[in-house]
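Peer 1: Got a file for you: final_34.csv, CSV, C-alpha atoms and all ligand atoms.
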chain,number,residue,atom,x,y,z
A,105,MET,CA,-26.6,38.7,4.2
A,106,ILE,CA,-25.0,39.3,0.9
A,107,HIS,CA,-24.1,36.6,-1.6
A,108,LEU,CA,-20.5,37.4,-2.3
A,109,GLU,CA,-20.5,35.1,-5.3
A,110,GLN,CA,-22.5,37.7,-7.2
A,111,PHE,CA,-19.8,40.3,-6.7
A,112,VAL,CA,-16.5,38.5,-6.9
A,113,ARG,CA,-15.1,38.0,-10.4
A,114,PRO,CA,-15.6,34.4,-11.4
A,115,ASN,CA,-11.9,33.7,-12.0
A,116,ILE,CA,-11.1,35.0,-8.4
A,117,TRP,CA,-14.0,33.0,-6.9
A,118,LYS,CA,-12.4,29.9,-8.4
A,119,LEU,CA,-8.8,30.9,-7.8
A,120,LYS,CA,-6.5,28.4,-6.2
A,121,PRO,CA,-4.0,30.7,-4.6
A,122,TYR,CA,-0.2,30.2,-4.8
A,123,SER,CA,0.9,28.2,-1.8
A,124,CYS,CA,4.2,29.5,-0.5
A,125,ALA,CA,6.7,27.6,1.7
A,126,ARG,CA,5.5,29.5,4.8
A,127,ASP,CA,1.9,28.5,4.0
A,128,GLU,CA,2.7,24.8,3.7
A,129,PHE,CA,4.7,24.6,6.9
A,130,LYS,CA,3.7,26.7,9.8
A,131,GLY,CA,5.2,26.4,13.2
A,132,GLU,CA,8.6,26.0,14.8
A,133,ALA,CA,11.4,23.8,13.4
A,134,SER,CA,15.2,23.8,13.9
A,135,VAL,CA,16.2,23.3,10.3
A,136,TYR,CA,14.5,25.2,7.4
A,137,LEU,CA,15.5,23.8,4.0
A,138,ASP,CA,12.1,24.4,2.3
A,139,ALA,CA,12.2,27.9,0.8
A,140,ASN,CA,15.6,28.2,-0.9
A,141,GLU,CA,16.6,30.9,1.5
A,142,SER,CA,20.2,31.5,2.3
A,143,PRO,CA,21.3,30.1,5.7
A,144,TYR,CA,23.4,33.3,6.2
A,145,ASN,CA,22.6,36.9,7.2
A,146,GLN,CA,20.1,36.1,9.9
A,147,PRO,CA,17.4,37.2,10.7
A,148,TYR,CA,16.9,38.9,7.3
A,149,ASN,CA,17.5,35.7,5.3
A,150,ARG,CA,14.0,34.3,6.1
A,151,TYR,CA,10.8,35.1,4.4
A,152,PRO,CA,8.3,37.0,6.5
A,153,ASP,CA,5.0,35.7,7.8
A,154,PRO,CA,2.7,36.0,4.7
A,155,LEU,CA,-0.4,36.5,6.9
A,156,GLN,CA,1.3,38.7,9.5
A,157,VAL,CA,-0.4,36.8,12.4
A,158,SER,CA,1.4,38.5,15.3
A,159,LEU,CA,1.0,42.0,14.0
A,160,LYS,CA,-2.7,41.4,13.3
A,161,GLU,CA,-3.3,40.3,16.8
A,162,LYS,CA,-1.9,43.6,18.1
A,163,ILE,CA,-3.9,45.7,15.6
A,164,ALA,CA,-7.0,43.7,16.5
A,165,GLN,CA,-6.7,44.9,20.1
A,166,ILE,CA,-6.2,48.5,19.2
A,167,LYS,CA,-8.9,48.6,16.6
A,168,LYS,CA,-11.3,46.3,18.5
A,169,VAL,CA,-12.0,43.9,15.7
A,170,SER,CA,-11.1,40.3,15.2
A,171,PRO,CA,-7.7,39.4,13.5
A,172,SER,CA,-9.7,37.6,10.8
A,173,GLN,CA,-11.3,40.9,9.8
A,174,ILE,CA,-7.9,42.5,9.0
A,175,MET,CA,-5.9,42.7,5.8
A,176,ILE,CA,-2.5,44.4,6.0
A,177,GLY,CA,-1.4,46.1,2.8
A,178,ASN,CA,1.7,47.9,1.4
A,179,GLY,CA,-0.1,51.2,2.2
A,180,SER,CA,-3.8,51.5,1.7
A,181,ASP,CA,-3.0,51.7,-2.0
A,182,GLU,CA,-2.6,48.0,-2.1
A,183,PRO,CA,-6.1,47.1,-0.8
A,184,ILE,CA,-7.6,49.8,-3.2
A,185,ASP,CA,-6.0,48.0,-6.1
A,186,LEU,CA,-7.0,44.6,-4.8
A,187,VAL,CA,-10.7,45.7,-4.6
A,188,PHE,CA,-10.7,46.3,-8.3
A,189,ARG,CA,-8.9,43.0,-9.0
A,190,ILE,CA,-11.2,41.0,-6.8
A,191,PHE,CA,-14.6,42.5,-7.7
A,192,CYS,CA,-14.5,44.2,-11.0
A,193,GLU,CA,-14.4,42.5,-14.4
A,194,PRO,CA,-12.3,44.7,-16.9
A,195,LYS,CA,-14.2,46.4,-19.7
A,196,MET,CA,-17.5,45.3,-18.2
A,197,ASP,CA,-18.0,46.5,-14.6
A,198,ASN,CA,-17.8,50.0,-13.2
A,199,VAL,CA,-17.3,51.7,-9.8
A,200,VAL,CA,-19.0,54.8,-8.5
A,201,THR,CA,-17.3,57.5,-6.4
A,202,ILE,CA,-17.6,60.9,-5.1
A,203,GLU,CA,-15.9,63.8,-6.9
A,204,PRO,CA,-13.5,65.4,-5.9
A,205,THR,CA,-11.8,62.7,-3.9
A,206,TYR,CA,-8.5,60.8,-3.5
A,207,GLY,CA,-6.9,60.3,-6.9
A,208,MET,CA,-5.8,56.7,-6.4
A,209,TYR,CA,-9.3,55.3,-7.0
A,210,LYS,CA,-9.3,56.6,-10.5
A,211,VAL,CA,-5.7,55.5,-11.2
A,212,ALA,CA,-6.5,52.0,-9.9
A,213,ALA,CA,-9.7,51.9,-12.0
A,214,ASP,CA,-7.7,53.0,-15.2
A,215,ILE,CA,-5.0,50.4,-14.6
A,216,ASN,CA,-7.5,47.7,-14.2
A,217,ASN,CA,-9.6,48.9,-17.2
A,218,ILE,CA,-12.7,49.5,-15.1
A,219,GLU,CA,-15.1,52.3,-15.9
A,220,TYR,CA,-14.9,55.1,-13.3
A,221,ARG,CA,-18.1,57.1,-12.6
A,222,PRO,CA,-17.5,60.2,-10.5
A,223,VAL,CA,-20.5,61.9,-9.0
A,224,LEU,CA,-20.0,65.6,-8.1
A,225,LEU,CA,-20.4,66.5,-4.4
A,226,ASP,CA,-22.4,69.6,-3.6
A,227,ALA,CA,-20.8,73.0,-3.2
A,228,ASP,CA,-20.1,72.2,0.5
A,229,PHE,CA,-18.4,68.9,-0.6
A,230,GLN,CA,-21.4,67.0,0.8
A,231,LEU,CA,-22.7,63.7,-0.3
A,232,ASN,CA,-26.3,63.1,-1.6
A,233,ALA,CA,-27.0,59.4,-1.4
A,234,GLY,CA,-29.8,59.5,-4.0
A,235,LYS,CA,-27.6,61.2,-6.6
A,236,LEU,CA,-24.8,58.8,-6.0
A,237,LEU,CA,-27.0,55.7,-6.2
A,238,ALA,CA,-28.6,57.1,-9.4
A,239,ALA,CA,-25.2,56.7,-11.1
A,240,THR,CA,-25.1,52.9,-10.3
A,241,ASP,CA,-26.4,50.1,-12.5
A,242,GLU,CA,-26.3,46.3,-12.6
A,243,HIS,CA,-22.5,46.5,-13.5
A,244,THR,CA,-21.6,48.7,-10.5
A,245,LYS,CA,-19.6,46.5,-8.2
A,246,VAL,CA,-18.1,49.0,-5.8
A,247,ILE,CA,-18.8,52.4,-4.4
A,248,PHE,CA,-15.8,54.4,-2.9
A,249,LEU,CA,-16.5,56.9,-0.2
A,250,CYS,CA,-13.7,58.9,1.6
A,251,SER,CA,-14.5,60.4,5.0
A,252,PRO,CA,-12.9,62.7,6.0
A,253,ASN,CA,-12.6,63.4,2.3
A,254,ASN,CA,-9.4,64.3,0.6
A,255,PRO,CA,-8.8,67.1,-0.7
A,256,SER,CA,-11.9,68.8,0.9
A,257,GLY,CA,-11.1,67.7,4.4
A,258,ASN,CA,-14.7,67.3,5.6
A,259,LEU,CA,-16.6,64.3,7.0
A,260,LEU,CA,-19.4,63.1,4.7
A,261,LYS,CA,-22.8,63.1,6.4
A,262,ARG,CA,-23.3,59.9,8.3
A,263,THR,CA,-27.0,59.5,7.4
A,264,GLU,CA,-26.2,59.8,3.7
A,265,MET,CA,-23.4,57.2,4.0
A,266,GLN,CA,-25.7,54.9,5.9
A,267,LYS,CA,-28.3,55.2,3.1
A,268,VAL,CA,-25.6,54.2,0.6
A,269,LEU,CA,-24.6,51.2,2.7
A,270,GLU,CA,-28.2,50.1,3.2
A,271,THR,CA,-29.4,50.6,-0.4
A,272,PHE,CA,-26.4,49.6,-2.6
A,273,PRO,CA,-26.3,45.8,-3.0
A,274,GLY,CA,-22.5,45.7,-3.8
A,275,ILE,CA,-19.3,46.5,-2.0
A,276,VAL,CA,-18.9,49.9,-0.2
A,277,VAL,CA,-15.4,51.0,0.6
A,278,ILE,CA,-15.1,53.8,3.2
A,279,ASP,CA,-11.6,55.2,3.2
A,280,GLU,CA,-10.9,56.6,6.7
A,281,ALA,CA,-7.2,57.6,6.3
A,282,TYR,CA,-7.8,60.8,8.4
A,283,ILE,CA,-10.2,59.3,11.0
A,284,ASP,CA,-7.8,59.8,13.9
A,285,PHE,CA,-8.1,63.6,13.4
A,286,SER,CA,-11.9,63.6,13.3
A,287,SER,CA,-14.5,63.8,16.1
A,288,GLU,CA,-16.8,61.2,14.6
A,289,PRO,CA,-16.5,57.5,15.4
A,290,SER,CA,-15.1,55.1,12.8
A,291,TRP,CA,-17.3,53.0,10.6
A,292,LEU,CA,-15.3,50.1,12.0
A,293,ASN,CA,-17.8,49.9,14.8
A,294,ASP,CA,-20.4,48.9,12.1
A,295,LEU,CA,-18.4,46.2,10.4
A,296,ASP,CA,-20.6,43.4,11.8
A,297,LYS,CA,-23.7,45.2,10.7
A,298,TYR,CA,-22.8,45.6,7.1
A,299,PRO,CA,-21.4,42.5,5.3
A,300,ASN,CA,-20.7,44.7,2.2
A,301,LEU,CA,-18.5,47.2,4.0
A,302,ILE,CA,-14.7,47.5,3.6
A,303,VAL,CA,-13.1,50.2,5.9
A,304,LEU,CA,-9.6,51.5,5.0
A,305,HIS,CA,-7.2,52.9,7.6
A,306,THR,CA,-3.5,53.7,7.3
A,307,PHE,CA,-0.4,54.1,9.4
A,308,SER,CA,0.8,56.9,7.0
A,309,LYS,CA,-0.9,59.9,8.5
A,310,ALA,CA,-1.7,60.3,12.3
A,311,TRP,CA,0.7,57.4,13.2
A,312,GLY,CA,3.6,59.1,11.5
A,313,LEU,CA,4.7,56.0,9.7
A,314,ALA,CA,4.3,56.8,6.0
A,315,SER,CA,7.8,55.4,5.2
A,316,MET,CA,6.7,51.9,6.5
A,317,ARG,CA,4.1,51.5,3.8
A,318,CYS,CA,1.5,49.9,6.1
A,319,GLY,CA,-2.2,50.2,5.4
A,320,LEU,CA,-5.2,48.3,6.7
A,321,ALA,CA,-8.4,47.0,5.2
A,322,PHE,CA,-11.1,45.8,7.6
A,323,ALA,CA,-14.0,43.7,6.3
A,324,SER,CA,-15.9,40.4,6.9
A,325,GLU,CA,-13.8,37.3,7.3
A,326,GLU,CA,-15.1,36.2,3.9
A,327,ILE,CA,-14.0,39.3,2.1
A,328,ILE,CA,-10.6,39.2,3.9
A,329,GLY,CA,-10.2,35.7,2.6
A,330,PHE,CA,-10.3,37.0,-1.0
A,331,PHE,CA,-7.8,39.7,-0.2
A,332,ASN,CA,-5.5,37.0,1.2
A,333,LYS,CA,-6.0,34.9,-2.0
A,334,VAL,CA,-5.1,37.7,-4.4
A,335,LYS,CA,-2.4,39.7,-2.6
A,336,TYR,CA,1.3,38.9,-3.2
A,337,PRO,CA,2.2,36.2,-0.6
A,338,TYR,CA,5.0,38.2,1.2
A,339,ASN,CA,3.5,41.7,0.7
A,340,ILE,CA,4.6,43.1,4.1
A,341,SER,CA,8.4,43.0,4.8
A,342,GLU,CA,9.7,41.5,8.0
A,343,LEU,CA,11.2,45.0,8.9
A,344,THR,CA,7.8,46.6,8.6
A,345,GLN,CA,6.0,43.9,10.5
A,346,ARG,CA,8.5,44.0,13.3
A,347,TYR,CA,8.8,47.8,13.5
A,348,VAL,CA,5.1,48.5,13.4
A,349,SER,CA,4.4,45.7,15.9
A,350,GLU,CA,7.0,46.8,18.4
A,351,GLN,CA,5.9,50.4,18.3
A,352,LEU,CA,2.1,49.8,18.3
A,353,PHE,CA,1.2,50.0,21.9
A,354,GLU,CA,3.9,52.5,22.8
A,355,LYS,CA,3.0,54.7,19.8
A,356,ASP,CA,-0.8,54.5,20.5
A,357,ALA,CA,-0.3,57.0,23.3
A,358,ILE,CA,2.3,59.1,21.4
A,359,LYS,CA,0.0,59.1,18.3
A,360,ASN,CA,-2.8,60.6,20.4
A,361,ARG,CA,-0.5,63.2,21.7
A,362,TRP,CA,0.7,64.1,18.1
A,363,VAL,CA,-3.0,64.3,17.0
A,364,GLU,CA,-3.7,66.8,19.9
A,365,LEU,CA,-0.6,68.8,18.9
A,366,ILE,CA,-1.7,69.0,15.3
A,367,LEU,CA,-5.3,69.8,16.1
A,368,GLY,CA,-4.1,72.4,18.7
A,369,GLU,CA,-2.3,74.2,15.8
A,370,LYS,CA,-5.3,74.1,13.6
A,371,GLN,CA,-7.4,77.1,14.8
A,372,PRO,CA,-4.5,79.5,15.3
A,373,PHE,CA,-3.3,78.5,11.8
A,374,ILE,CA,-6.8,79.2,10.4
A,375,ASN,CA,-7.0,82.5,12.2
A,376,GLU,CA,-3.6,83.6,10.8
A,377,LEU,CA,-4.6,82.6,7.3
A,378,ASN,CA,-7.8,84.5,7.6
A,379,THR,CA,-6.0,87.7,8.2
A,380,LEU,CA,-4.4,87.5,4.7
A,381,ASP,CA,-5.9,89.4,1.8
A,382,LEU,CA,-5.2,86.6,-0.6
A,383,VAL,CA,-7.2,84.1,1.3
A,384,GLU,CA,-10.8,83.9,0.1
A,385,LYS,CA,-12.1,80.9,2.0
A,386,ILE,CA,-11.0,78.1,4.3
A,387,TYR,CA,-13.2,75.0,4.0
A,388,PRO,CA,-14.2,73.2,7.3
A,389,SER,CA,-11.8,70.4,8.0
A,390,ASP,CA,-12.0,67.3,10.0
A,391,ALA,CA,-8.5,66.2,9.0
A,392,ASN,CA,-4.9,67.3,9.4
A,393,PHE,CA,-5.0,69.6,6.4
A,394,LEU,CA,-6.9,72.6,5.1
A,395,LEU,CA,-8.4,73.3,1.7
A,396,VAL,CA,-7.8,77.0,1.2
A,397,LYS,CA,-9.3,79.1,-1.6
A,398,VAL,CA,-6.9,81.9,-2.6
A,399,LYS,CA,-7.0,84.7,-5.2
A,400,ASN,CA,-4.6,83.1,-7.7
A,401,ALA,CA,-3.6,79.5,-6.6
A,402,ASP,CA,-1.0,79.0,-9.4
A,403,LYS,CA,0.8,82.2,-8.5
A,404,VAL,CA,0.7,81.5,-4.8
A,405,TYR,CA,1.9,78.0,-5.3
A,406,LYS,CA,4.9,79.1,-7.4
A,407,TRP,CA,5.8,81.8,-4.9
A,408,LEU,CA,5.8,79.3,-2.1
A,409,VAL,CA,8.0,76.8,-4.1
A,410,GLU,CA,10.5,79.6,-4.6
A,411,LYS,CA,10.5,80.1,-0.8
A,412,GLY,CA,11.1,76.3,-0.3
A,413,ILE,CA,7.6,75.7,1.0
A,414,ILE,CA,5.6,73.0,-0.8
A,415,VAL,CA,1.8,72.8,-0.6
A,416,ARG,CA,-0.6,70.9,-2.9
A,417,ASN,CA,-2.0,72.9,-5.8
A,418,ARG,CA,-5.6,71.6,-6.3
A,419,ASN,CA,-6.6,74.3,-8.8
A,420,ASN,CA,-7.4,71.9,-11.6
A,421,ILE,CA,-9.6,69.6,-9.5
A,422,SER,CA,-13.4,69.8,-9.7
A,423,LEU,CA,-15.0,72.3,-7.2
A,424,CYS,CA,-11.4,73.2,-6.1
A,425,ASN,CA,-10.9,76.2,-8.4
A,426,ASN,CA,-8.0,78.3,-6.9
A,427,CYS,CA,-7.6,76.0,-4.0
A,428,LEU,CA,-4.4,74.9,-2.2
A,429,ARG,CA,-4.4,71.9,0.1
A,430,ILE,CA,-2.2,72.7,3.1
A,431,THR,CA,-1.0,70.1,5.6
A,432,ILE,CA,-1.0,71.3,9.2
A,433,GLY,CA,2.7,71.1,10.3
A,434,THR,CA,4.5,72.2,13.5
A,435,LYS,CA,4.0,75.7,14.8
A,436,GLU,CA,7.3,76.7,13.2
A,437,GLU,CA,6.4,75.2,9.8
A,438,ASN,CA,2.9,76.9,9.8
A,439,LYS,CA,4.6,80.2,10.8
A,440,ALA,CA,7.0,79.9,7.9
A,441,LEU,CA,4.1,79.5,5.5
A,442,ILE,CA,2.2,82.5,6.9
A,443,ASN,CA,5.4,84.6,6.8
A,444,ALA,CA,6.0,83.7,3.2
A,445,LEU,CA,2.4,84.5,2.3
A,446,LYS,CA,2.6,87.9,4.0
A,447,LEU,CA,5.4,88.8,1.5
A,448,ILE,CA,3.5,88.0,-1.6
A,501,LIG,C1,-2.9,59.5,2.4
A,501,LIG,C2,-4.2,58.7,2.0
A,501,LIG,C3,-4.2,57.3,2.1
A,501,LIG,C4,-3.0,56.6,2.6
A,501,LIG,O1,-2.3,55.9,1.6
A,501,LIG,P1,-1.1,54.9,2.0
A,501,LIG,O2,-0.9,54.1,0.8
A,501,LIG,O3,-1.7,54.1,3.2
A,501,LIG,O4,0.0,55.7,2.4
A,501,LIG,C5,-5.3,56.6,1.8
A,501,LIG,N1,-6.5,57.3,1.5
A,501,LIG,C6,-6.5,58.7,1.4
A,501,LIG,C7,-7.7,59.3,1.1
A,501,LIG,C8,-5.3,59.4,1.7
A,501,LIG,O5,-5.4,60.7,1.6
Can the structure in the file be given as structure tokens, please?
Ligand SMILES: *Cc1c(COP(=O)(O)O)cnc(C)c1O

Peer 2:
Amino acid sequence: MIHLEQFVRPNIWKLKPYSCARDEFKGEASVYLDANESPYNQPYNRYPDPLQVSLKEKIAQIKKVSPSQIMIGNGSDEPIDLVFRIFCEPKMDNVVTIEPTYGMYKVAADINNIEYRPVLLDADFQLNAGKLLAATDEHTKVIFLCSPNNPSGNLLKRTEMQKVLETFPGIVVIDEAYIDFSSEPSWLNDLDKYPNLIVLHTFSKAWGLASMRCGLAFASEEIIGFFNKVKYPYNISELTQRYVSEQLFEKDAIKNRWVELILGEKQPFINELNTLDLVEKIYPSDANFLLVKVKNADKVYKWLVEKGIIVRNRNNISLCNNCLRITIGTKEENKALINALKLI
């Protein structure tokens, strides 16, 4: 048991949320004159379901959780921002994260005026729970972990993550944007065991739906209740709800096929990259991208841009000196990159 009142900002704990028209009347009626919508241009004239009930029922089946444990966001970036707004008091509280990791945690911390405490991973990009926990104090409300991690691509050690979950009294967010590409089970299976756990998934990567802006936070029903109180009432458009919902079961099989295709390209791509003189090291990856150390990352990056090939230059990121982050594409796209690198 955790006592959430200790971790939720007092103003949010007391918040009486905005009650929109679709909250006040739920159900079927023949005449809707309650929301100042236009009677024309059906079906787009109507506000969407603020709690996305139908979509959550489908997601619940696929992810094997209860619909009450799901929050749907405008990408995972929305729940990341909401975590700060729900749990962290500006200028007073802090969050602890691994370094290097996904850049949005720091941006969301800065926007919300929350101290951000990065703790360097070791040279293999691995987590040491003791070192991470040593950076926490009584004002640390949230720890962010990302596994498989971006930009390094590796899974964090499960035993170390478990230590963090069991020792840290506050909220632990585990961002699993790349979990579909990894061999390890999701922390979603442990949701009922850890009342302080929030797991993030997204439709933007393996599912091939980045344009839909649809991300997921999974947590206890109590925590999801706070997400629902603080989020914009109509945060997910009708088009997104409908499209993701329609394609979910059909795409589940196709998504697995896409993951197989991408993972099938991975080892040949690594082998090709390893034949190049300019490649110094390819870090182990449990995701759909590779972190590649090269001889002169800035020069290689510029060269590739000139050839119309864009990778991510991570040269200025901690522990990523001279590293490029390269997404695994189709066989043809990967080949185009290799060919361009051969000409350098
Ligand atoms: C890509 C990515 C996301 C997904 O963000 P969306 O807003 O859902 O598109 C989340 N976390 C990490 C670590 C990522 O790399």

Peer 1: Please provide the set of residues having any atom within 9 Å of stretch 116-129 of chain A, restricted to all atoms listed in the file, with same-chain residues fewer than 3 positions apart removed, written as a list in words.

Peer 2: Glu109, Val112, Arg113, Glu132, Asp138, Ala139, Tyr151, Pro152, Asp153, Pro154, Leu155, Arg189, Ile190, Phe191, Phe330, Asn332, Lys333, Val334, Tyr336, Pro337 and Tyr338 of chain A

Peer 1: What's the 8 Å shell around A:Gly319, counting all atoms listed in the file, without same-chain residues fewer than 2 positions away, as a list in words?

Peer 2: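 Neighbouring residues, sequence-local ones excluded: Ile176, Gly177, Asn178, Gly179, Ser180, Asp181, Glu182, Pro183, Leu304, His305, Thr306, Phe307, Ser308, Arg317 and Ala321 of chain A.
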
Peer 1: Nearest to A:Asn392: which of A:Gly274, A:Gly433, A:Gly234, A:Pro289 is it, counting all atoms listed in the file?

Peer 2: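 Result for the nearest residue to A:Asn392: A:Gly433.
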
Peer 1: Which is closer to ligand LIG 501 (chain A) than all the others in A:Lys309, A:Lys406, A:Lys245, A:Arg346, using all atoms listed in the file?

Peer 2: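 Residue with the minimum atom-to-atom distance to ligand LIG 501 (chain A): A:Lys309.
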
Peer 1: Rank A:Pro204, A:Met316, A:Asp356, A:Val348 by their smallest atom-to-atom distance to A:Leu159, using only C-alpha atoms, and report the top residue only.

Peer 2: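 Under the stated criterion, the closest residue is A:Val348.
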
Peer 1: From the set A:Gln173, A:Asn198, A:Ser134, A:Asn253, which residue has the shortest atom-to-atom contact distance to A:Leu394, counting only C-alpha atoms?

Peer 2: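 Of all the options, A:Asn253 lies closest to A:Leu394.
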
Peer 1: What does the distance between atom CA of A:Val363 and atom CA of A:Leu428 come to in Å, to one decimal place?

Peer 2: 22.0 Å

Peer 1: Go ahead and find all residues with at least one atom no further than 9 Å from (-5.5, 72.9, 2.9) in the file's coordinates, using only C-alpha atoms; report them as a list in words.

Peer 2: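 Within 9 Å of (-5.5, 72.9, 2.9), the protein and nucleic acid residues are Pro255, Ser256, Gly257, Ile386, Tyr387, Ser389, Asn392, Phe393, Leu394, Leu395, Val396, Lys397, Val415, Arg416, Cys427, Leu428, Arg429, Ile430, Thr431 and Ile432 of chain A.
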
Peer 1: Now that the selection is made, can you save its residues with C-alpha atoms as a PDB file, in the frame of the given file?

Peer 2:
ATOM      1  CA  PRO A 255      -8.800  67.100  -0.700  1.00  0.00           C
ATOM      2  CA  SER A 256     -11.900  68.800   0.900  1.00  0.00           C
ATOM      3  CA  GLY A 257     -11.100  67.700   4.400  1.00  0.00           C
ATOM      4  CA  ILE A 386     -11.000  78.100   4.300  1.00  0.00           C
ATOM      5  CA  TYR A 387     -13.200  75.000   4.000  1.00  0.00           C
ATOM      6  CA  SER A 389     -11.800  70.400   8.000  1.00  0.00           C
ATOM      7  CA  ASN A 392      -4.900  67.300   9.400  1.00  0.00           C
ATOM      8  CA  PHE A 393      -5.000  69.600   6.400  1.00  0.00           C
ATOM      9  CA  LEU A 394      -6.900  72.600   5.100  1.00  0.00           C
ATOM     10  CA  LEU A 395      -8.400  73.300   1.700  1.00  0.00           C
ATOM     11  CA  VAL A 396      -7.800  77.000   1.200  1.00  0.00           C
ATOM     12  CA  LYS A 397      -9.300  79.100  -1.600  1.00  0.00           C
ATOM     13  CA  VAL A 415       1.800  72.800  -0.600  1.00  0.00           C
ATOM     14  CA  ARG A 416      -0.600  70.900  -2.900  1.00  0.00           C
ATOM     15  CA  CYS A 427      -7.600  76.000  -4.000  1.00  0.00           C
ATOM     16  CA  LEU A 428      -4.400  74.900  -2.200  1.00  0.00           C
ATOM     17  CA  ARG A 429      -4.400  71.900   0.100  1.00  0.00           C
ATOM     18  CA  ILE A 430      -2.200  72.700   3.100  1.00  0.00           C
ATOM     19  CA  THR A 431      -1.000  70.100   5.600  1.00  0.00           C
ATOM     20  CA  ILE A 432      -1.000  71.300   9.200  1.00  0.00           C
TER      21      ILE A 432
END

Peer 1: Quick one: contact table of stretch 234-313 of chain A to stretch 206-224 of chain A, 12 Å max, nearest atom pair and distance in Å to one decimal per residue, counting only C-alpha atoms, chain and number order, as CSV?

Peer 2:
residue,atom,partner,partner_atom,distance
A:Gly234,CA,A:Val223,CA,10.8
A:Lys235,CA,A:Val223,CA,7.5
A:Leu236,CA,A:Val223,CA,6.1
A:Leu237,CA,A:Val223,CA,9.4
A:Ala238,CA,A:Val223,CA,9.4
A:Ala239,CA,A:Arg221,CA,7.3
A:Thr240,CA,A:Arg221,CA,8.5
A:Asp241,CA,A:Arg221,CA,10.9
A:His243,CA,A:Glu219,CA,9.7
A:Thr244,CA,A:Glu219,CA,9.2
A:Lys245,CA,A:Ile218,CA,10.2
A:Val246,CA,A:Tyr220,CA,10.2
A:Ile247,CA,A:Arg221,CA,9.5
A:Phe248,CA,A:Tyr209,CA,7.7
A:Leu249,CA,A:Tyr206,CA,9.5
A:Cys250,CA,A:Tyr206,CA,7.5
A:Ser251,CA,A:Tyr206,CA,10.4
A:Pro252,CA,A:Tyr206,CA,10.6
A:Asn253,CA,A:Tyr206,CA,7.6
A:Asn254,CA,A:Tyr206,CA,5.5
A:Pro255,CA,A:Tyr206,CA,6.9
A:Ser256,CA,A:Tyr206,CA,9.7
A:Gly257,CA,A:Tyr206,CA,10.8
A:Val277,CA,A:Tyr209,CA,10.7
A:Ile278,CA,A:Tyr206,CA,11.7
A:Asp279,CA,A:Tyr206,CA,9.3
A:Glu280,CA,A:Tyr206,CA,11.3
A:Ala281,CA,A:Tyr206,CA,10.4
A:Tyr282,CA,A:Tyr206,CA,11.9

Peer 1: A:Lys355: which residues within 12 Å, counting only C-alpha atoms, same-chain residues fewer than 6 positions away excluded, as a PyMOL selection string?

Peer 2: chain A and resi 166+307+310-313+347-349+361-363

Peer 1: Find the residue from A:Val157, A:Ala233, A:Leu137, A:Leu445 that sits nearest to A:Pro171; use all atoms listed in the file when measuring.

Peer 2: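 Result for the nearest residue to A:Pro171: A:Val157.
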
Peer 1: Taking all atoms listed in the file into account, name the residue in A:Ala440, A:Ala164, A:Cys192, A:Leu259 that is nearest to ligand LIG 501 (chain A).

Peer 2: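 Closest residue, counting all atoms listed in the file: A:Leu259.
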
Peer 1: To one decimal in Å, tell me the separation between atom CA of A:Leu382 and atom CA of A:Val398.

Peer 2: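 These atoms are spaced 5.4 Å apart.
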
Peer 1: Output stretch 300-307 of chain A as an mmCIF file, keeping the file's coordinate frame, making sure N, CA, C and O atoms are there.

Peer 2:
data_model
loop_
_atom_site.group_PDB
_atom_site.id
_atom_site.type_symbol
_atom_site.label_atom_id
_atom_site.label_comp_id
_atom_site.auth_asym_id
_atom_site.auth_seq_id
_atom_site.Cartn_x
_atom_site.Cartn_y
_atom_site.Cartn_z
ATOM 1 N N ASN A 300 -21.284 44.159 3.449
ATOM 2 C CA ASN A 300 -20.700 44.700 2.200
ATOM 3 C C ASN A 300 -19.729 45.812 2.415
ATOM 4 O O ASN A 300 -19.298 46.462 1.476
ATOM 5 N N LEU A 301 -19.353 46.036 3.685
ATOM 6 C CA LEU A 301 -18.500 47.200 4.000
ATOM 7 C C LEU A 301 -17.023 46.807 4.089
ATOM 8 O O LEU A 301 -16.647 45.791 4.685
ATOM 9 N N ILE A 302 -16.177 47.637 3.462
ATOM 10 C CA ILE A 302 -14.700 47.500 3.600
ATOM 11 C C ILE A 302 -14.255 48.908 4.144
ATOM 12 O O ILE A 302 -14.552 49.937 3.529
ATOM 13 N N VAL A 303 -13.579 48.928 5.295
ATOM 14 C CA VAL A 303 -13.100 50.200 5.900
ATOM 15 C C VAL A 303 -11.552 50.204 5.672
ATOM 16 O O VAL A 303 -10.877 49.207 5.943
ATOM 17 N N LEU A 304 -11.012 51.329 5.196
ATOM 18 C CA LEU A 304 -9.600 51.500 5.000
ATOM 19 C C LEU A 304 -8.993 52.424 6.076
ATOM 20 O O LEU A 304 -9.511 53.519 6.277
ATOM 21 N N HIS A 305 -7.931 51.986 6.754
ATOM 22 C CA HIS A 305 -7.200 52.900 7.600
ATOM 23 C C HIS A 305 -5.699 52.796 7.178
ATOM 24 O O HIS A 305 -5.332 51.954 6.368
ATOM 25 N N THR A 306 -4.878 53.672 7.722
ATOM 26 C CA THR A 306 -3.500 53.700 7.300
ATOM 27 C C THR A 306 -2.584 54.093 8.502
ATOM 28 O O THR A 306 -3.044 54.820 9.390
ATOM 29 N N PHE A 307 -1.339 53.653 8.476
ATOM 30 C CA PHE A 307 -0.400 54.100 9.400
ATOM 31 C C PHE A 307 0.396 55.372 8.908
ATOM 32 O O PHE A 307 1.298 55.879 9.553
#
